[in-house]
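Q: What follows is start.txt; its format and atoms are compact mmCIF, C-alpha atoms.
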# COMPACT_ATOMS: atom_id res chain seq x y z
CA MET A 1 -50.05 -17.10 -73.46
CA PRO A 2 -52.76 -18.23 -71.06
CA GLY A 3 -56.36 -17.07 -71.48
CA SER A 4 -57.73 -13.94 -69.93
CA GLU A 5 -59.96 -15.84 -67.41
CA ARG A 6 -56.86 -16.19 -65.26
CA TYR A 7 -57.25 -12.64 -64.02
CA THR A 8 -59.86 -11.04 -61.76
CA LYS A 9 -61.77 -8.05 -63.15
CA TYR A 10 -59.55 -5.76 -61.04
CA GLU A 11 -56.37 -7.23 -62.44
CA LYS A 12 -57.83 -7.00 -65.95
CA ALA A 13 -58.59 -3.31 -65.42
CA ARG A 14 -55.07 -2.68 -64.07
CA ILE A 15 -53.37 -4.48 -66.96
CA ILE A 16 -55.46 -2.84 -69.68
CA GLY A 17 -55.06 0.53 -67.97
CA ALA A 18 -51.27 0.26 -67.73
CA ARG A 19 -50.98 -1.03 -71.30
CA ALA A 20 -53.25 1.70 -72.69
CA LEU A 21 -51.12 4.32 -70.97
CA GLN A 22 -47.98 2.83 -72.54
CA ILE A 23 -49.56 2.80 -76.01
CA ALA A 24 -50.79 6.37 -75.55
CA ALA A 25 -47.23 7.39 -74.63
CA GLY A 26 -45.81 5.84 -77.79
CA ALA A 27 -45.02 2.21 -76.97
CA PRO A 28 -45.07 -0.12 -80.03
CA VAL A 29 -48.41 -1.87 -80.61
CA LEU A 30 -48.09 -5.66 -80.63
CA ILE A 31 -51.03 -6.51 -82.91
CA LYS A 32 -52.37 -5.48 -86.30
CA THR A 33 -55.47 -3.37 -85.77
CA ASP A 34 -57.55 -0.52 -87.24
CA LYS A 35 -58.44 0.82 -83.83
CA ILE A 36 -57.27 4.27 -82.82
CA ASP A 37 -58.19 4.63 -79.17
CA PRO A 38 -55.32 3.26 -77.03
CA ILE A 39 -57.84 1.72 -74.61
CA ASP A 40 -59.50 -0.22 -77.45
CA ILE A 41 -56.09 -1.38 -78.69
CA ALA A 42 -55.13 -2.46 -75.17
CA ILE A 43 -58.40 -4.40 -74.80
CA GLU A 44 -57.80 -6.18 -78.10
CA GLU A 45 -54.23 -7.03 -77.11
CA PHE A 46 -55.52 -8.32 -73.78
CA GLU A 47 -58.10 -10.55 -75.47
CA LYS A 48 -55.42 -11.98 -77.76
CA GLY A 49 -53.19 -12.55 -74.73
CA VAL A 50 -50.14 -10.74 -76.14
CA ILE A 51 -49.61 -8.15 -73.41
CA PRO A 52 -46.23 -8.82 -71.77
CA ILE A 53 -47.52 -7.97 -68.30
CA THR A 54 -48.18 -10.38 -65.44
CA VAL A 55 -49.69 -9.94 -62.00
CA LYS A 56 -47.69 -10.65 -58.88
CA ARG A 57 -50.08 -11.83 -56.22
CA GLU A 58 -49.55 -11.76 -52.46
CA LYS A 59 -49.29 -15.25 -51.08
CA MET B 1 -7.77 6.14 -57.97
CA TYR B 2 -9.99 4.45 -60.51
CA ILE B 3 -12.08 1.54 -59.28
CA LYS B 4 -14.40 -0.88 -61.04
CA ILE B 5 -17.51 -1.40 -58.95
CA ARG B 6 -20.65 -3.51 -59.18
CA ALA B 7 -23.73 -1.49 -58.28
CA VAL B 8 -27.52 -1.74 -58.24
CA ASP B 9 -29.88 0.93 -59.49
CA VAL B 10 -33.45 1.24 -60.70
CA VAL B 11 -33.92 2.54 -64.24
CA ARG B 12 -37.15 3.85 -65.73
CA VAL B 13 -37.62 2.80 -69.34
CA PRO B 14 -40.08 5.23 -70.95
CA PRO B 15 -42.95 3.66 -73.00
CA GLU B 16 -41.70 4.96 -76.35
CA ARG B 17 -38.48 2.96 -75.92
CA LEU B 18 -40.10 -0.35 -75.00
CA GLY B 19 -39.80 -1.71 -78.54
CA GLU B 20 -36.00 -1.48 -78.60
CA ASP B 21 -33.48 -4.01 -77.34
CA LEU B 22 -33.97 -3.85 -73.59
CA VAL B 23 -30.41 -4.40 -72.33
CA ASN B 24 -28.99 -1.77 -74.68
CA THR B 25 -31.71 0.70 -73.78
CA VAL B 26 -31.15 0.18 -70.06
CA LYS B 27 -27.39 0.61 -70.51
CA GLU B 28 -27.92 3.85 -72.41
CA LEU B 29 -30.36 5.17 -69.81
CA LEU B 30 -27.91 4.27 -67.02
CA LYS B 31 -25.15 6.14 -68.83
CA ASP B 32 -27.33 9.22 -69.22
CA LYS B 33 -28.31 9.04 -65.59
CA LEU B 34 -24.98 8.30 -63.91
CA GLU B 35 -21.97 9.29 -66.00
CA GLY B 36 -20.44 12.45 -64.60
CA ARG B 37 -22.42 12.16 -61.41
CA VAL B 38 -20.69 12.39 -58.05
CA ASP B 39 -21.54 10.49 -54.89
CA LYS B 40 -19.65 11.14 -51.66
CA ARG B 41 -19.24 7.47 -50.79
CA ILE B 42 -18.80 6.08 -54.28
CA GLY B 43 -16.85 8.81 -56.08
CA MET B 44 -17.38 10.09 -59.59
CA PHE B 45 -18.95 7.83 -62.22
CA VAL B 46 -16.72 7.79 -65.27
CA ALA B 47 -18.41 5.09 -67.34
CA VAL B 48 -21.08 2.40 -67.16
CA LEU B 49 -19.32 -0.70 -68.45
CA ASP B 50 -21.73 -3.63 -68.54
CA VAL B 51 -25.23 -4.58 -67.50
CA VAL B 52 -24.73 -7.76 -65.47
CA GLU B 53 -28.27 -8.68 -64.50
CA MET B 54 -31.77 -7.27 -64.83
CA LYS B 55 -34.69 -8.10 -62.60
CA GLU B 56 -38.32 -8.30 -63.76
CA GLY B 57 -39.76 -4.88 -64.64
CA ARG B 58 -42.34 -3.16 -62.46
CA ILE B 59 -45.15 -0.86 -63.57
CA MET B 60 -46.28 1.88 -61.19
CA ILE B 61 -49.83 3.21 -61.07
CA GLY B 62 -50.25 6.33 -63.18
CA ASP B 63 -46.95 5.87 -65.06
CA GLY B 64 -46.54 4.05 -68.36
CA GLY B 65 -42.81 3.60 -67.80
CA VAL B 66 -41.35 0.27 -66.71
CA TYR B 67 -38.91 0.24 -63.78
CA TYR B 68 -36.06 -2.26 -63.94
CA GLU B 69 -33.78 -3.03 -61.02
CA THR B 70 -30.40 -3.51 -62.64
CA ILE B 71 -27.03 -4.81 -61.49
CA PHE B 72 -24.20 -3.28 -63.50
CA ASP B 73 -20.45 -2.70 -63.56
CA ALA B 74 -19.16 0.86 -63.58
CA LEU B 75 -15.82 2.62 -63.59
CA VAL B 76 -15.56 5.27 -60.89
CA PHE B 77 -12.92 7.80 -59.93
CA ARG B 78 -12.57 7.82 -56.17
CA PRO B 79 -10.01 10.18 -54.64
CA MET B 80 -8.68 8.83 -51.33
CA MET B 81 -6.96 10.62 -48.49
CA GLN B 82 -3.13 10.20 -48.51
CA GLU B 83 -3.26 8.81 -52.06
CA ILE B 84 -0.22 9.67 -54.17
CA VAL B 85 -1.20 11.07 -57.56
CA GLU B 86 0.68 12.24 -60.61
CA GLY B 87 -0.71 14.85 -62.95
CA GLU B 88 -0.18 17.80 -65.17
CA ILE B 89 -0.54 21.39 -64.08
CA VAL B 90 -3.40 22.97 -65.99
CA GLU B 91 -3.54 26.44 -64.46
CA ILE B 92 -1.40 28.72 -62.34
CA VAL B 93 -3.14 31.28 -60.13
CA ASN B 94 -1.85 33.67 -57.47
CA PHE B 95 -2.75 31.28 -54.65
CA GLY B 96 -1.38 28.09 -56.18
CA ALA B 97 -1.75 25.66 -59.06
CA PHE B 98 -4.47 23.36 -60.36
CA VAL B 99 -3.37 19.83 -61.16
CA GLU B 100 -5.32 17.50 -63.42
CA ILE B 101 -5.44 14.18 -61.56
CA GLY B 102 -8.30 12.53 -63.46
CA PRO B 103 -11.79 13.78 -64.19
CA LEU B 104 -11.37 16.29 -61.37
CA ASP B 105 -8.63 18.87 -60.77
CA GLY B 106 -6.77 19.15 -57.48
CA LEU B 107 -5.61 22.40 -55.92
CA LEU B 108 -1.99 22.74 -54.91
CA HIS B 109 -1.84 25.76 -52.61
CA ILE B 110 1.37 27.89 -52.74
CA SER B 111 2.06 27.01 -49.11
CA GLN B 112 2.04 23.30 -50.02
CA ILE B 113 4.46 23.35 -52.97
CA THR B 114 7.88 23.54 -51.25
CA ASP B 115 9.38 24.53 -47.89
CA GLU B 116 10.70 27.70 -49.51
CA PHE B 117 8.95 31.02 -49.98
CA ILE B 118 7.17 31.20 -53.33
CA SER B 119 6.38 34.22 -55.46
CA TYR B 120 3.84 34.48 -58.27
CA ASP B 121 4.91 35.68 -61.73
CA GLU B 122 1.70 36.88 -63.30
CA LYS B 123 3.09 37.57 -66.79
CA GLY B 124 4.77 34.20 -67.23
CA ALA B 125 2.02 32.40 -65.29
CA LYS B 126 4.70 30.75 -63.17
CA LEU B 127 5.39 30.17 -59.51
CA ILE B 128 9.03 30.75 -58.49
CA THR B 129 10.80 29.61 -55.32
CA ARG B 130 12.93 32.27 -53.63
CA GLU B 131 16.14 30.40 -52.74
CA SER B 132 16.71 27.71 -55.36
CA ASN B 133 14.90 29.63 -58.12
CA ARG B 134 12.91 26.66 -59.30
CA THR B 135 9.84 27.35 -61.40
CA LEU B 136 6.48 25.70 -61.73
CA GLY B 137 4.34 26.40 -64.79
CA GLU B 138 1.54 24.96 -66.88
CA LYS B 139 2.12 21.52 -68.47
CA ASP B 140 4.67 20.58 -65.78
CA ARG B 141 4.18 17.09 -64.38
CA VAL B 142 4.06 16.78 -60.61
CA ARG B 143 3.67 14.08 -57.99
CA ALA B 144 1.52 15.02 -55.02
CA ARG B 145 -0.48 13.61 -52.12
CA ILE B 146 -4.20 14.15 -51.51
CA VAL B 147 -4.81 15.84 -48.16
CA ALA B 148 -8.35 17.17 -48.47
CA ILE B 149 -11.46 15.95 -50.29
CA SER B 150 -14.73 17.78 -50.60
CA LEU B 151 -17.07 16.32 -53.19
CA ASN B 152 -20.17 18.28 -54.15
CA GLU B 153 -22.98 15.95 -55.23
CA ARG B 154 -25.23 18.70 -56.58
CA ASP B 155 -22.54 20.42 -58.63
CA PRO B 156 -19.70 17.97 -59.46
CA GLY B 157 -17.60 20.75 -60.99
CA ASP B 158 -17.55 22.49 -57.64
CA SER B 159 -15.84 19.54 -55.95
CA LYS B 160 -12.49 20.35 -54.35
CA ILE B 161 -9.43 18.18 -53.86
CA GLY B 162 -6.50 19.57 -51.87
CA LEU B 163 -2.93 18.45 -52.59
CA THR B 164 0.48 18.79 -50.98
CA MET B 165 4.04 18.30 -52.26
CA ARG B 166 5.90 19.24 -49.04
CA GLN B 167 7.45 15.87 -48.46
CA PRO B 168 10.56 14.05 -49.75
CA GLY B 169 9.72 12.17 -52.94
CA LEU B 170 7.01 14.59 -53.97
CA GLY B 171 7.21 17.63 -56.24
CA LYS B 172 7.78 18.38 -59.88
CA ILE B 173 9.14 15.25 -61.58
CA GLU B 174 12.39 17.06 -62.48
CA TRP B 175 12.94 18.15 -58.86
CA ILE B 176 12.50 14.61 -57.61
CA GLU B 177 15.10 13.39 -60.11
CA GLU B 178 17.54 16.17 -59.08
CA GLU B 179 17.14 15.21 -55.43
CA ARG B 180 17.69 11.57 -56.23
CA LYS B 181 20.88 12.36 -58.20
CA LYS B 182 22.20 14.52 -55.36
CA GLU B 183 21.59 11.72 -52.91
CA SER B 184 23.34 9.06 -54.96
CA GLU B 185 26.32 11.41 -55.51
CA SER B 186 26.65 12.12 -51.82
CA GLU B 187 26.65 8.41 -51.11
CA VAL B 188 29.67 7.96 -53.40
Since I need it in another form, could you write the structure as structure tokens?

A:
Amino acid sequence: MPGSERYTKYEKARIIGARALQIAAGAPVLIKTDKIDPIDIAIEEFEKGVIPITVKREK
Amino acid sequence: MYIKIRAVDVVRVPPERLGEDLVNTVKELLKDKLEGRVDKRIGMFVAVLDVVEMKEGRIMIGDGGVYYETIFDALVFRPMMQEIVEGEIVEIVNFGAFVEIGPLDGLLHISQITDEFISYDEKGAKLITRESNRTLGEKDRVRARIVAISLNERDPGDSKIGLTMRQPGLGKIEWIEEERKKESESEV
């Protein structure tokens, strides 16, 4: 998985937001963590590059 | 008649099911969504057979679900005008008989059973022709032609299919055989 610098801050917010919503709604967490807040979990997943979400950009 | 079709639909996979095997989950969700549903152009969905292809998922703003555009094969029941169908009579009422011709029942109105006058025997739940004294009751097998189709998309059970048997070669299976015998005897 490529590093997180690939995304703009807006894309980062969108990805973490969407992922946090999924985790909050019961989606399986992809990392081992002690965190409880879905947003924190999503941020950690994002930093580790394990979130299976990509951005489709307009050309 | 029953037709196998290839169709495209978008399925929402809810977040709590994202950990499961995706193709199976999508197939299950498609079944829940479509089976038993009626569409005027397509007919009635009987079964979702196979998921053929799945596009990349899409995530909408404000929804944690993932939307997958899916190509799949499905078995549909599509009644067609002038189609010849065979079925069993499931109910006799004073205005005719209901014939099971698949997932939906067709109505055979008393005026469309034979050229003769028909009376209704309420006790025996039978329809009786006046001149030749033939009877039509539940569990009899008949061959009929579809002459009216009115599918209700909102309430599939309310869909109506009209049938007729007033034509040579149509009727209760036994009557057709009798007619055929008579014909071959008269030829000799």

Q: With distances taken over all atoms listed in the file, which of B:Leu30, B:Asp21, B:Ile59, B:Val51 is nearest to chain A?

A: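 The answer is B:Ile59, which sits nearest to chain A.
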
Q: What's around Ile39 (chain A) at 9 Å? Count only C-alpha atoms, leave out sequence neighbours fewer than 2 positions away in its own chain, and write the answer as number ranges by chain.

A: A: 16-17, 19-21, 23-24, 36-37, 41-44

Q: Residues at most 6 Å from region 157-169 of chain B, counting all atoms listed in the file, excluding those fewer than 2 positions away in the same chain, as number ranges by chain?

A: B: 106-108, 112-114, 144-152, 155, 171, 176

Q: Rounded to one decimal, what separation in Å do you get between CA of Ile71 (chain B) and CA of Gly19 (chain B)?

A: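 Separation of CA of Ile71 (chain B) and CA of Gly19 (chain B): 21.5 Å.
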
Q: Would you please work out which residue, of B:Ala47, B:Met54, B:Asp39, B:Tyr2, is nearest to Val23 (chain B) when using all atoms listed in the file?

A: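 Using all atoms listed in the file, the shortest distance to Val23 (chain B) belongs to B:Met54.
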
Q: Counting all atoms listed in the file, a student should be able to say which residues of chain B come within 10 Å of chain A; what is the right answer, written as a list in words?

A: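 Using all atoms listed in the file, chain B residues at most 10 Å from chain A: Pro14, Pro15, Glu16, Arg17, Leu18, Gly19, Glu20, Gly57, Arg58, Ile59, Met60, Ile61, Gly62, Asp63, Gly64, Gly65 and Val66 of chain B.
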
Q: What does the structure give for the distance between CA of Leu49 (chain B) and CA of Lys27 (chain B), in Å to one decimal?

A: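 Between CA of Leu49 (chain B) and CA of Lys27 (chain B) the gap works out to 8.4 Å.
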
Q: In Å, rounded to a single decimal, give me how far CA of Ser132 (chain B) is from CA of Asn94 (chain B).

A: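 We find that CA of Asn94 (chain B) and CA of Ser132 (chain B) lie 19.6 Å from each other.
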
Q: So which one's closest to Thr135 (chain B), B:Lys123, B:Arg154, B:Lys172, B:Arg12? Using all atoms listed in the file, please.

A: B:Lys172

Q: Using only C-alpha atoms, which residue out of B:Leu136, B:Ala7, B:Val38, B:Val142 lies closest to Gly96 (chain B)?

A: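 Once distances to Gly96 (chain B) are computed over only C-alpha atoms, the minimum belongs to B:Leu136.
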
Q: Within 8 Å of Glu86 (chain B), counting only C-alpha atoms, which residues qualify if same-chain residues fewer than 2 places away don't, as a short mmCIF file (atom, residue, chain, number, x, y, z; two decimals) with C-alpha atoms, in the coordinates of the input?

A:
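part-v2.cif, written as the output of this step:
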data_model
loop_
_atom_site.label_atom_id
_atom_site.label_comp_id
_atom_site.auth_asym_id
_atom_site.auth_seq_id
_atom_site.Cartn_x
_atom_site.Cartn_y
_atom_site.Cartn_z
CA ILE B 84 -0.22 9.67 -54.17
CA GLU B 88 -0.18 17.80 -65.17
CA ILE B 101 -5.44 14.18 -61.56
CA ARG B 141 4.18 17.09 -64.38
CA VAL B 142 4.06 16.78 -60.61
CA ARG B 143 3.67 14.08 -57.99
CA ALA B 144 1.52 15.02 -55.02
#

Q: Go through A:Glu58, A:Ala13, A:Tyr7, A:Lys32 and flag the residue nearest Glu45 (chain A), using all atoms listed in the file for the distances.

A: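 Residue with the minimum atom-to-atom distance to Glu45 (chain A): A:Lys32.
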